[in-house]
>>> print(open('target01.txt').read())   # compact mmCIF, C-alpha atoms
# COMPACT_ATOMS: atom_id res chain seq x y z
CA MET A 25 13.16 -23.77 -19.99
CA THR A 26 12.42 -24.81 -23.55
CA ILE A 27 9.27 -26.58 -24.70
CA MET A 28 9.08 -28.57 -27.90
CA ILE A 29 5.83 -27.99 -29.80
CA MET A 30 4.66 -30.16 -32.68
CA SER A 31 3.00 -28.06 -35.38
CA GLU A 32 0.37 -29.19 -37.88
CA ASP A 33 3.09 -29.71 -40.52
CA ASN A 34 4.78 -32.22 -38.18
CA GLU A 35 7.61 -29.74 -37.67
CA ILE A 36 9.04 -29.33 -34.23
CA ASP A 37 9.08 -25.78 -32.88
CA SER A 38 11.09 -24.96 -29.80
CA LYS A 39 9.86 -22.01 -27.78
CA SER A 40 10.94 -20.78 -24.45
CA LEU A 41 8.41 -20.79 -21.64
CA LEU A 42 8.61 -16.98 -21.44
CA ASP A 43 7.60 -16.64 -25.08
CA ILE A 44 4.58 -18.87 -24.53
CA VAL A 45 3.49 -16.97 -21.44
CA SER A 46 3.89 -13.60 -23.13
CA GLU A 47 1.83 -14.80 -26.11
CA SER A 48 -1.01 -16.10 -23.96
CA LYS A 49 -4.15 -14.03 -23.69
CA GLU A 50 -4.37 -14.27 -19.88
CA THR A 51 -1.41 -11.96 -19.31
CA LYS A 52 -2.52 -8.56 -20.52
CA SER A 53 0.53 -6.70 -19.24
CA ARG A 54 3.83 -7.52 -17.68
CA ILE A 55 5.47 -5.68 -14.83
CA SER A 56 9.18 -5.28 -14.41
CA PHE A 57 11.05 -6.61 -11.41
CA GLU A 58 11.45 -3.08 -10.03
CA GLU A 59 7.67 -2.54 -10.12
CA PHE A 60 6.87 -5.82 -8.34
CA THR A 61 5.73 -5.41 -4.75
CA ASP A 62 5.38 -8.29 -2.32
CA GLU A 63 1.94 -8.21 -0.70
CA ARG A 64 3.46 -9.02 2.69
CA SER A 65 5.30 -5.70 2.81
CA LEU A 66 2.00 -3.79 2.46
CA VAL A 67 0.25 -5.54 5.37
CA SER A 68 0.69 -4.97 9.10
CA TYR A 69 -0.66 -7.14 11.92
CA ASP A 70 -2.02 -6.34 15.36
CA ALA A 71 -0.15 -7.45 18.49
CA PHE A 72 -2.01 -10.77 18.73
CA GLY A 73 -1.90 -11.61 15.02
CA ASN A 74 -5.71 -11.67 14.76
CA LYS A 75 -6.10 -8.73 12.37
CA GLN A 76 -4.24 -7.44 9.37
CA MET A 77 -4.36 -3.93 7.97
CA LYS A 78 -3.69 -2.37 4.59
CA ILE A 79 -3.67 1.36 3.87
CA LYS A 80 -4.35 2.80 0.42
CA VAL A 81 -3.49 6.42 -0.33
CA LEU A 82 -6.52 8.25 -1.72
CA GLU A 83 -5.26 11.83 -1.75
CA VAL A 84 -1.98 13.62 -1.28
CA SER A 85 -1.33 17.30 -0.68
CA ASP A 86 0.44 19.38 -3.31
CA GLU A 87 2.50 21.06 -0.58
CA ASN A 88 6.27 20.95 -1.10
CA PRO A 89 8.36 19.22 1.57
CA PRO A 90 10.22 21.67 3.83
CA SER A 91 13.70 20.21 3.30
CA LYS A 92 13.97 17.72 0.46
CA TRP A 93 17.75 17.56 0.64
CA LYS A 94 17.70 16.31 4.24
CA PHE A 95 14.77 13.87 4.30
CA GLY A 96 14.53 12.85 0.65
CA ASP A 97 11.53 12.82 -1.66
CA ARG A 98 8.35 12.77 0.45
CA VAL A 99 4.63 13.33 -0.08
CA LYS A 100 2.08 14.65 2.42
CA VAL A 101 -0.83 12.22 2.67
CA SER A 102 -4.28 13.77 3.18
CA LYS A 103 -6.79 10.93 2.82
CA ILE A 104 -6.40 7.18 3.24
CA LEU A 105 -8.56 4.07 2.95
CA VAL A 106 -7.92 1.61 5.77
CA THR A 107 -8.87 -2.04 5.24
CA ILE A 108 -8.82 -4.32 8.27
CA LYS A 109 -9.30 -8.06 7.89
CA HIS A 110 -10.19 -10.17 10.93
CA LEU A 111 -8.25 -13.38 10.36
CA THR A 112 -10.41 -15.51 12.64
CA SER A 113 -13.76 -14.69 11.01
CA GLN A 114 -12.49 -13.46 7.59
CA GLU A 115 -14.61 -10.32 8.10
CA VAL A 116 -13.34 -7.22 6.29
CA GLU A 117 -13.86 -3.64 7.48
CA GLU A 118 -13.05 -0.53 5.46
CA GLY A 119 -12.98 3.10 6.43
CA GLU A 120 -11.92 6.31 4.75
CA PHE A 121 -10.02 8.77 6.93
CA ASP A 122 -9.21 12.42 6.31
CA ILE A 123 -5.95 12.54 8.23
CA GLU A 124 -5.74 16.32 8.02
CA ALA A 125 -9.17 16.77 9.64
CA ILE A 126 -8.40 14.19 12.34
CA GLU A 127 -5.09 15.91 13.07
CA ARG A 128 -6.86 19.27 13.52
CA GLU A 129 -9.54 17.68 15.74
CA LEU A 130 -6.97 16.05 18.00
CA ALA A 131 -4.99 19.27 18.33
CA GLU A 132 -8.21 21.10 19.23
CA LYS A 133 -9.57 18.54 21.71
CA ARG A 134 -6.39 17.27 23.32
CA HIS A 135 -3.93 20.07 22.48
CA TYR A 136 -1.66 17.42 20.99
CA THR A 137 -1.00 15.74 17.68
CA SER A 138 1.41 12.97 16.80
CA THR A 139 0.77 12.34 13.13
CA ASN A 140 3.59 12.60 10.68
CA ARG A 141 1.78 12.71 7.36
CA TRP A 142 4.99 13.08 5.37
CA VAL A 143 5.67 9.68 3.84
CA PRO A 144 8.71 8.89 1.68
CA ALA A 145 7.65 8.37 -1.92
CA ASN A 146 9.55 5.07 -1.94
CA ASP A 147 7.27 3.77 0.87
CA ILE A 148 4.20 3.97 -1.38
CA LYS A 149 3.93 0.98 -3.69
CA ASN A 150 1.07 0.58 -6.18
CA GLY A 151 -0.95 3.15 -4.23
CA TYR A 152 -0.52 1.34 -0.89
CA VAL A 153 1.63 2.39 2.07
CA LEU A 154 4.25 -0.04 3.35
CA GLY A 155 3.33 -1.71 6.64
CA SER A 156 6.19 -0.03 8.47
CA ARG A 157 4.47 3.37 8.01
CA HIS A 158 0.96 2.36 9.15
CA THR A 159 1.38 3.38 12.79
CA THR A 160 2.43 6.94 11.99
CA LEU A 161 -0.55 7.47 9.67
CA ILE A 162 -3.26 6.15 12.02
CA SER A 163 -1.90 7.32 15.39
CA ASP A 164 -4.28 10.30 15.73
CA ALA A 165 -7.30 8.26 14.60
CA ALA A 166 -6.41 5.62 17.20
CA ALA A 167 -6.01 8.32 19.89
CA LEU A 168 -9.55 9.53 19.17
CA ASP A 169 -10.88 5.94 19.10
CA TYR A 170 -11.90 6.18 15.44
CA ILE A 171 -9.93 3.02 14.79
CA VAL A 172 -9.06 0.16 17.11
CA PHE A 173 -6.25 -2.04 15.92
>>> encode(input="target01.txt", output="structure tokens")
Amino acid sequence: MTIMIMSEDNEIDSKSLLDIVSESKETKSRISFEEFTDERSLVSYDAFGNKQMKIKVLEVSDENPPSKWKFGDRVKVSKILVTIKHLTSQEVEEGEFDIEAIERELAEKRHYTSTNRWVPANDIKNGYVLGSRHTTLISDAAALDYIVF
């Protein structure tokens, strides 16, 4: 799209819309198409559609994955920040979880653990985990009733 701009000298300048947007002061930085992440892919909903959840990665382990060639590039998540929004009341709850500590506690109390803290690096966008991986990260916390979703 091209916009015609009349300058003070009564000369007509044609600029593309992209040039105008990039010159404006509101846009401090641009992101490429590959870096863009749709917000909907980062959110998961409960069974009734009353709550939505977002998980931000706070800390990852420096441990190397056991078999990179088989499962791809993965990181081991240690701490997360869970944000739950109640859609009916617009109330927001946040909680920080140490997944490693919760995993140890569940193994000690119930002699069982189900968490798979290894998350593919491609499933972490802008510091947030994709919604398809939420269940695996919070399963132990839900089993111990730390989180109800």
>>> closest_atom_pairs(input="target01.txt", of="segment 91-125 of chain A", to="segment 63-87 of chain A", cutoff="6 Å", atoms="only C-alpha atoms", output="Markdown table")
| residue | atom | partner | partner_atom | distance |
| --- | --- | --- | --- | --- |
| A:Lys100 | CA | A:Ser85 | CA | 5.3 |
| A:Val101 | CA | A:Val84 | CA | 4.3 |
| A:Ser102 | CA | A:Val84 | CA | 5.0 |
| A:Lys103 | CA | A:Glu83 | CA | 4.9 |
| A:Ile104 | CA | A:Val81 | CA | 4.7 |
| A:Leu105 | CA | A:Lys80 | CA | 5.1 |
| A:Val106 | CA | A:Ile79 | CA | 4.7 |
| A:Thr107 | CA | A:Lys78 | CA | 5.2 |
| A:Ile108 | CA | A:Met77 | CA | 4.5 |
| A:Lys109 | CA | A:Gln76 | CA | 5.3 |
| A:His110 | CA | A:Lys75 | CA | 4.6 |
| A:Leu111 | CA | A:Asn74 | CA | 5.4 |
>>> atom_distance(input="target01.txt", atom1="atom CA of Tyr152 of chain A", atom2="atom CA of Val99 of chain A")
13.1 Å
>>> atom_distance(input="target01.txt", atom1="atom CA of Leu168 of chain A", atom2="atom CA of Asn146 of chain A")
28.8 Å
>>> residues_around(input="target01.txt", residues="Ala145 of chain A", least_positions_apart="4", cutoff="10 Å", atoms="all atoms listed in the file", output="number ranges by chain")
A: 96-100, 149, 153
>>> atom_distance(input="target01.txt", atom1="atom CA of Glu117 of chain A", atom2="atom CA of Arg157 of chain A")
19.6 Å
